[in-house]
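Data block below; observations after.
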Amino acid sequence: MNSLNRLKFVMKEISFELSSEVKNKIKETLLHHGINEIGGIIIGRKEAEEYFKIIDVSISIEEKSLSFYRFFKSARKSQKLLNKHFKNKTGYYIGEWHSHPSFSLNPSITDAATMFGIVRNSKMNINFCLLLIVKLMDDELLYKAFFFHKDLDNFITLKEKALDTSANNIE
Ligand SMILES: [Zn+2]
């Protein structure tokens with residue numbers, strides 16, 4: 001990617017949409033597992049050049065925060081869910097999610113390194129990846145989503161598609 005394209009890419013606004021089913025699925029999981037870090041993969045679709053729709057998530061309870069080890073393990077365990085969506089043409093792998101029970105919704109240094117590791121690993125053949133970070137606060141689901149691309153030096157914070165604009169941008 002040349003520097004002009006790179007700049008255009010960074011200037012673009014990228015948005016995402018989280019279905020209410022997914023919100024409920026994540027919220028239920030967090031309510032049951034409290035302070036433990038939980039994560040899994042994100043299944044969704046690129047609806048337009050700058051717009052991603054999150055259709056489903058897999059849930060891996062026993063695994064700790066994002067790492068290459070967890071990435072491979074969770075991808076293998078999520079295969080059934082991926083196959084189902086592939087068969088129904090509802091979605092495909094678009095990234096990873098996990099909870100930050102007691103800290104900010106921004107990616108940690110390890111999170112960012114792992115995500116860039118995924119998109120820059122030529123063997124994986126993944127050009128981009130979303131990272132969704134979630135937490136519960138007073139039983140309300142808070143979340144932020146980020147976009148990682150193999151040709152970008154920094155991640156991009158995604159804007160939520162304006163369905164409801166309430167309190168999802170808390171640091
Ligand atoms: Zn994290």
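Ordering of the structure tokens sets the chain letters (A, B, ...); residue numbers start at 1 within each chain; ligands are numbered from 1 in the order shown.
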
Which residues of chain A sit at most 8 Å from ligand 1, using only C-alpha atoms and all ligand atoms? Give each one's shortest atom pair and distance in Å (one decimal place), in chain and ascending residue order, as CSV.
residue,atom,partner,partner_atom_place_in_ligand_line,distance
A:Ser65,CA,ligand 1,1 (Zn),5.9
A:Leu66,CA,ligand 1,1 (Zn),6.2
A:His98,CA,ligand 1,1 (Zn),6.4
A:Ser99,CA,ligand 1,1 (Zn),6.8
A:His100,CA,ligand 1,1 (Zn),5.9
A:Leu105,CA,ligand 1,1 (Zn),7.9
A:Asn106,CA,ligand 1,1 (Zn),7.5
A:Pro107,CA,ligand 1,1 (Zn),5.3
A:Ser108,CA,ligand 1,1 (Zn),5.3
A:Thr110,CA,ligand 1,1 (Zn),7.3
A:Asp111,CA,ligand 1,1 (Zn),5.1
A:Ile133,CA,ligand 1,1 (Zn),6.8

Within 6 Å of segment 18-30 of chain A, counting only C-alpha atoms, which residues qualify if same-chain residues fewer than 2 places away don't, as a list in words?
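These residues fall inside the cut-off: His32, His33, Gly34, Ile54 and Asp56 of chain A.
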
Restricted to N, CA and C atoms, what would the selected residues look like written as an mmCIF file, in the first residue's frame?
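See part-v2.cif below for the written result:
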data_model
loop_
_atom_site.group_PDB
_atom_site.id
_atom_site.type_symbol
_atom_site.label_atom_id
_atom_site.label_comp_id
_atom_site.auth_asym_id
_atom_site.auth_seq_id
_atom_site.Cartn_x
_atom_site.Cartn_y
_atom_site.Cartn_z
ATOM 1 N N HIS A 32 -22.702 -14.349 33.920
ATOM 2 C CA HIS A 32 -22.450 -15.640 34.561
ATOM 3 C C HIS A 32 -20.999 -15.841 34.968
ATOM 4 N N HIS A 33 -20.098 -15.122 34.335
ATOM 5 C CA HIS A 33 -18.690 -15.411 34.593
ATOM 6 C C HIS A 33 -17.928 -14.252 35.207
ATOM 7 N N GLY A 34 -18.687 -13.245 35.585
ATOM 8 C CA GLY A 34 -18.167 -12.153 36.399
ATOM 9 C C GLY A 34 -16.809 -11.619 36.020
ATOM 10 N N ILE A 54 -21.499 -7.536 12.851
ATOM 11 C CA ILE A 54 -21.156 -8.672 13.704
ATOM 12 C C ILE A 54 -22.414 -9.512 13.906
ATOM 13 N N ASP A 56 -22.426 -13.069 14.979
ATOM 14 C CA ASP A 56 -22.383 -14.072 16.040
ATOM 15 C C ASP A 56 -20.999 -14.047 16.689
#

Pull the closest atom pair for each residue of segment 98-128 of chain A that gets at most 6 Å from segment 147-162 of chain A, along with the distance in Å to one decimal, counting only C-alpha atoms, ordering rows by chain and then ascending residue number, as CSV.
residue,atom,partner,partner_atom,distance
A:Val119,CA,A:Lys150,CA,5.0
A:Arg120,CA,A:Lys150,CA,5.0
A:Asn127,CA,A:Lys150,CA,5.5
A:Phe128,CA,A:His149,CA,4.3

Write a file of the just-selected residues containing C-alpha atoms, as a PDB file, in the first residue's frame.
ATOM      1  CA  VAL A 119      -2.977  -9.970  10.233  1.00  0.00           C
ATOM      2  CA  ARG A 120       0.726  -9.822   9.414  1.00  0.00           C
ATOM      3  CA  ASN A 127      -5.632  -9.136   5.805  1.00  0.00           C
ATOM      4  CA  PHE A 128      -7.763  -7.516   8.448  1.00  0.00           C
TER       5      PHE A 128
END

Interatomic distance (Å, one decimal) between atom CA of Ala48 of chain A and atom CA of Leu82 of chain A:
20.9 Å

Quick one: distance from atom CA of Ser102 of chain A to atom CA of Ala145 of chain A in Å, one decimal?
17.2 Å
